[in-house]
Amino acid sequence: MPELPEVQALVDFLRERTDGLAIVGVELGSISVLKTYDPPPTALRGMPINNVARHGKFIDIEAEGLHLVFHLARAGWLRWSDSLASTTIRPGKSPIAVRCRLSDGSGFDLTEAGTRKRLAAYIVSDPAQVPGIARLGPDPMADDFTLGEFAAMLEGRRTQVKGLLKDQGFLAGVGNAYSDEVLHAAWLSPFALASTLDQEQVQKLYAALRDTLAGAVSAASGKPAKELKDAKRAGMRVHGRTGEACPVCGDVVREVSFADSSLQYCATCQTGGKPLADRRMSRLLK
Ligand SMILES: [Zn+2]
């Protein structure tokens, strides 16, 4: 799933490519992908694009007061084309969820792999009308996101810090991959309770959050959409690297698996050398 750094790179990419262009048409590959019905997609026809922005993991294309907003979800992606196929997509059989045509013949498709369709698009006059945007917590890359604010947010939260970092209502833009990376950089256990962190740990977590994301944003910046997935994978130190060596200490990267996700961490760097319990691993070892 693209997270803040990849979404930011997509936004920068789209802003550059759509400069001076208008939307010619928005076609839907399935009715259910569009979560709003008024205004209809035809309202965007002929509208010049004024800006492309990011809200958490949402991308927002603004055209004359209307906003085409979308969220790529777990298996969605954006495929840019300098010359978009002329075939009109129609709801039903297409693997393409949304096709957006621009005035110079270019455009993009939003695609989604797998059978669980969660990619969501919205056409609204105000991005705050999108429920997922209205409930977003602060953006960790915002200039005014300070250590003081972050410390206040963590205070009294008897919640595992991994879960908090991923919670879009708590913090906007971080998902499963970057929360693993941030916790590794902060030398913190993913299961540590936010309320138990001391001042120094909060400080390290804040610095790790900002540094990890800033590093990933600059690594992703300027890359075309099709290269972003590989760039993200290449930048990971523990996430998705179960069984490989921790680049900091050389210990093996371990995993805790859940019903539909898993997390990776280094026991030496993060949990005082003690492996975390993993239901699946213990079942395999019985
Ligand atoms: Zn390590």
# chains A, B, ... in the order shown; residues from 1 in each chain; ligands from 1
>>> residues_around(residues="stretch 104-114 of chain A", least_positions_apart="4", cutoff="10 Å", atoms="only C-alpha atoms", output="PyMOL selection string")
chain A and resi 14+17-18+20-29+70-86+94-100+118-121
>>> residues_around(residues="A:Val7", least_positions_apart="6", cutoff="12 Å", atoms="only C-alpha atoms", output="count of residues only")
34
>>> residues_around(residues="stretch 145-152 of chain A", least_positions_apart="2", cutoff="7 Å", atoms="only C-alpha atoms", output="mmCIF file with C-alpha atoms, in the first residue's frame")
data_model
loop_
_atom_site.group_PDB
_atom_site.id
_atom_site.type_symbol
_atom_site.label_atom_id
_atom_site.label_comp_id
_atom_site.auth_asym_id
_atom_site.auth_seq_id
_atom_site.Cartn_x
_atom_site.Cartn_y
_atom_site.Cartn_z
ATOM 1 C CA PRO A 140 3.646 14.336 10.556
ATOM 2 C CA MET A 141 5.452 16.211 7.775
ATOM 3 C CA ALA A 142 3.652 19.512 8.412
ATOM 4 C CA ASP A 143 5.906 22.359 9.552
ATOM 5 C CA LEU A 154 0.776 10.251 23.162
ATOM 6 C CA GLU A 155 0.127 11.215 26.762
ATOM 7 C CA VAL A 202 9.073 10.244 22.837
ATOM 8 C CA GLN A 203 11.834 12.477 21.536
ATOM 9 C CA TYR A 206 9.393 11.981 17.027
#
>>> select_by_dssp(residues="stretch 34-149 of chain A", states="helix (DSSP H, G or I)", output="ChimeraX atom specification")
/A:41-44,127-129,131-134,147-149
>>> residues_near_ligand(ligand="ligand 1", cutoff="6 Å", atoms="only C-alpha atoms and all ligand atoms", output="tab-separated table (two decimals) with all heavy atoms, in the first residue's frame")
chain	number	residue	atom	x	y	z
A	246	CYS	N	19.40	-7.56	10.26
A	246	CYS	CA	19.17	-6.15	10.60
A	246	CYS	C	20.39	-5.36	10.16
A	246	CYS	O	21.52	-5.69	10.54
A	246	CYS	CB	18.95	-6.01	12.10
A	246	CYS	SG	19.02	-4.30	12.67
A	248	VAL	N	21.46	-2.65	11.17
A	248	VAL	CA	22.09	-1.93	12.26
A	248	VAL	C	22.95	-2.86	13.12
A	248	VAL	O	24.10	-2.56	13.42
A	248	VAL	CB	21.03	-1.23	13.15
A	248	VAL	CG1	21.66	-0.61	14.39
A	248	VAL	CG2	20.30	-0.17	12.33
A	249	CYS	N	22.39	-4.02	13.51
A	249	CYS	CA	23.09	-4.87	14.48
A	249	CYS	C	23.41	-6.27	13.95
A	249	CYS	O	24.12	-7.02	14.59
A	249	CYS	CB	22.28	-4.98	15.75
A	249	CYS	SG	20.81	-5.99	15.53
A	250	GLY	N	22.82	-6.66	12.83
A	250	GLY	CA	23.10	-7.97	12.26
A	250	GLY	C	22.22	-9.09	12.77
A	250	GLY	O	22.25	-10.21	12.26
A	251	ASP	N	21.41	-8.84	13.79
A	251	ASP	CA	20.45	-9.85	14.29
A	251	ASP	C	19.45	-10.14	13.16
A	251	ASP	O	19.28	-9.34	12.24
A	251	ASP	CB	19.72	-9.30	15.52
A	251	ASP	CG	18.91	-10.36	16.26
A	251	ASP	OD1	18.93	-11.53	15.83
A	251	ASP	OD2	18.25	-10.01	17.26
A	266	CYS	N	13.40	-5.88	14.90
A	266	CYS	CA	14.65	-6.50	15.30
A	266	CYS	C	14.66	-6.59	16.82
A	266	CYS	O	14.54	-5.57	17.51
A	266	CYS	CB	15.83	-5.65	14.81
A	266	CYS	SG	17.39	-6.18	15.56
A	268	THR	N	17.08	-7.37	18.94
A	268	THR	CA	18.24	-6.73	19.57
A	268	THR	C	18.06	-5.21	19.63
A	268	THR	O	18.29	-4.59	20.67
A	268	THR	CB	19.54	-7.09	18.81
A	268	THR	OG1	19.73	-8.50	18.91
A	268	THR	CG2	20.75	-6.37	19.39
A	269	CYS	N	17.62	-4.62	18.55
A	269	CYS	CA	17.45	-3.16	18.52
A	269	CYS	C	16.22	-2.67	19.28
A	269	CYS	O	16.20	-1.56	19.78
A	269	CYS	CB	17.34	-2.66	17.08
A	269	CYS	SG	18.84	-2.81	16.10
>>> closest_residue(among="A:Lys117, A:Lys166, A:His67, A:Lys204", to="A:Pro40", atoms="only C-alpha atoms")
A:His67
>>> closest_atom_pairs(of="stretch 59-151 of chain A", to="stretch 41-50 of chain A", cutoff="10 Å", atoms="only C-alpha atoms", output="JSON lines")
{"residue": "A:Ile61", "atom": "CA", "partner": "A:Ile49", "partner_atom": "CA", "distance": 7.0}
{"residue": "A:Glu62", "atom": "CA", "partner": "A:Asn50", "partner_atom": "CA", "distance": 5.6}
{"residue": "A:Ala63", "atom": "CA", "partner": "A:Ile49", "partner_atom": "CA", "distance": 4.3}
{"residue": "A:Glu64", "atom": "CA", "partner": "A:Met47", "partner_atom": "CA", "distance": 6.2}
{"residue": "A:Gly65", "atom": "CA", "partner": "A:Asn50", "partner_atom": "CA", "distance": 8.7}
{"residue": "A:Leu66", "atom": "CA", "partner": "A:Leu44", "partner_atom": "CA", "distance": 7.2}
{"residue": "A:His67", "atom": "CA", "partner": "A:Leu44", "partner_atom": "CA", "distance": 8.7}
{"residue": "A:Leu68", "atom": "CA", "partner": "A:Leu44", "partner_atom": "CA", "distance": 8.3}
{"residue": "A:Cys100", "atom": "CA", "partner": "A:Pro41", "partner_atom": "CA", "distance": 9.9}
{"residue": "A:Arg101", "atom": "CA", "partner": "A:Arg45", "partner_atom": "CA", "distance": 9.3}
{"residue": "A:Leu102", "atom": "CA", "partner": "A:Gly46", "partner_atom": "CA", "distance": 8.9}
{"residue": "A:Ser103", "atom": "CA", "partner": "A:Gly46", "partner_atom": "CA", "distance": 8.1}
{"residue": "A:Tyr122", "atom": "CA", "partner": "A:Pro41", "partner_atom": "CA", "distance": 9.4}
{"residue": "A:Ile123", "atom": "CA", "partner": "A:Pro41", "partner_atom": "CA", "distance": 7.2}
>>> closest_residue(among="A:Pro131, A:Pro39, A:Pro91, A:Gly156", to="A:Leu197", atoms="only C-alpha atoms")
A:Gly156
>>> select_by_dssp(residues="stretch 31-147 of chain A", states="strand (DSSP E)", output="PyMOL selection string")
chain A and resi 51-55+58-63+66-71+76-81+96-102+107-112+120-124
>>> closest_residue(among="A:Val124, A:Gln201, A:Arg15, A:Ser189", to="A:Thr36", atoms="only C-alpha atoms")
A:Val124
>>> closest_residue(among="A:Pro138, A:Gly273, A:Gly235, A:Gly240", to="A:Val256", atoms="only C-alpha atoms")
A:Gly240
>>> residues_around(residues="A:Gly215", least_positions_apart="3", cutoff="12 Å", atoms="only C-alpha atoms", output="number ranges by chain")
A: 4-6, 141, 178, 181-182, 207-212, 218-221, 231-232, 235-236
>>> write_last_selection(atoms="C-alpha atoms", output="PDB file, in the first residue's frame")
ATOM      1  CA  LEU A   4       2.759   9.185   2.810  1.00  0.00           C
ATOM      2  CA  PRO A   5       6.095   9.251   0.887  1.00  0.00           C
ATOM      3  CA  GLU A   6       4.748   7.433  -2.185  1.00  0.00           C
ATOM      4  CA  MET A 141       5.452  16.211   7.775  1.00  0.00           C
ATOM      5  CA  TYR A 178       6.619   2.990   7.673  1.00  0.00           C
ATOM      6  CA  GLU A 181      10.599   1.465   9.991  1.00  0.00           C
ATOM      7  CA  VAL A 182       9.943   4.333  12.405  1.00  0.00           C
ATOM      8  CA  ALA A 207      12.832  12.293  15.424  1.00  0.00           C
ATOM      9  CA  ALA A 208      12.547   8.799  13.877  1.00  0.00           C
ATOM     10  CA  LEU A 209       9.105   9.632  12.493  1.00  0.00           C
ATOM     11  CA  ARG A 210      10.207  12.863  10.863  1.00  0.00           C
ATOM     12  CA  ASP A 211      13.589  11.547   9.628  1.00  0.00           C
ATOM     13  CA  THR A 212      12.255   8.261   8.252  1.00  0.00           C
ATOM     14  CA  SER A 218      13.200  12.577  -0.869  1.00  0.00           C
ATOM     15  CA  ALA A 219      14.005   9.061  -2.147  1.00  0.00           C
ATOM     16  CA  ALA A 220      10.590   8.861  -3.843  1.00  0.00           C
ATOM     17  CA  SER A 221      10.565  12.431  -5.109  1.00  0.00           C
ATOM     18  CA  ALA A 231      11.884   2.413  -4.440  1.00  0.00           C
ATOM     19  CA  LYS A 232       9.715   1.915  -1.351  1.00  0.00           C
ATOM     20  CA  GLY A 235      14.378   1.678   1.330  1.00  0.00           C
ATOM     21  CA  MET A 236      13.001  -0.682   4.007  1.00  0.00           C
TER      22      MET A 236
END
>>> atom_distance(atom1="atom CA of A:Ser179", atom2="atom CA of A:Lys162")
6.3 Å
>>> atom_distance(atom1="atom CA of A:Gln264", atom2="atom CA of A:Ala214")
20.9 Å
>>> atom_distance(atom1="atom CA of A:Asp19", atom2="atom CA of A:Pro2")
23.2 Å
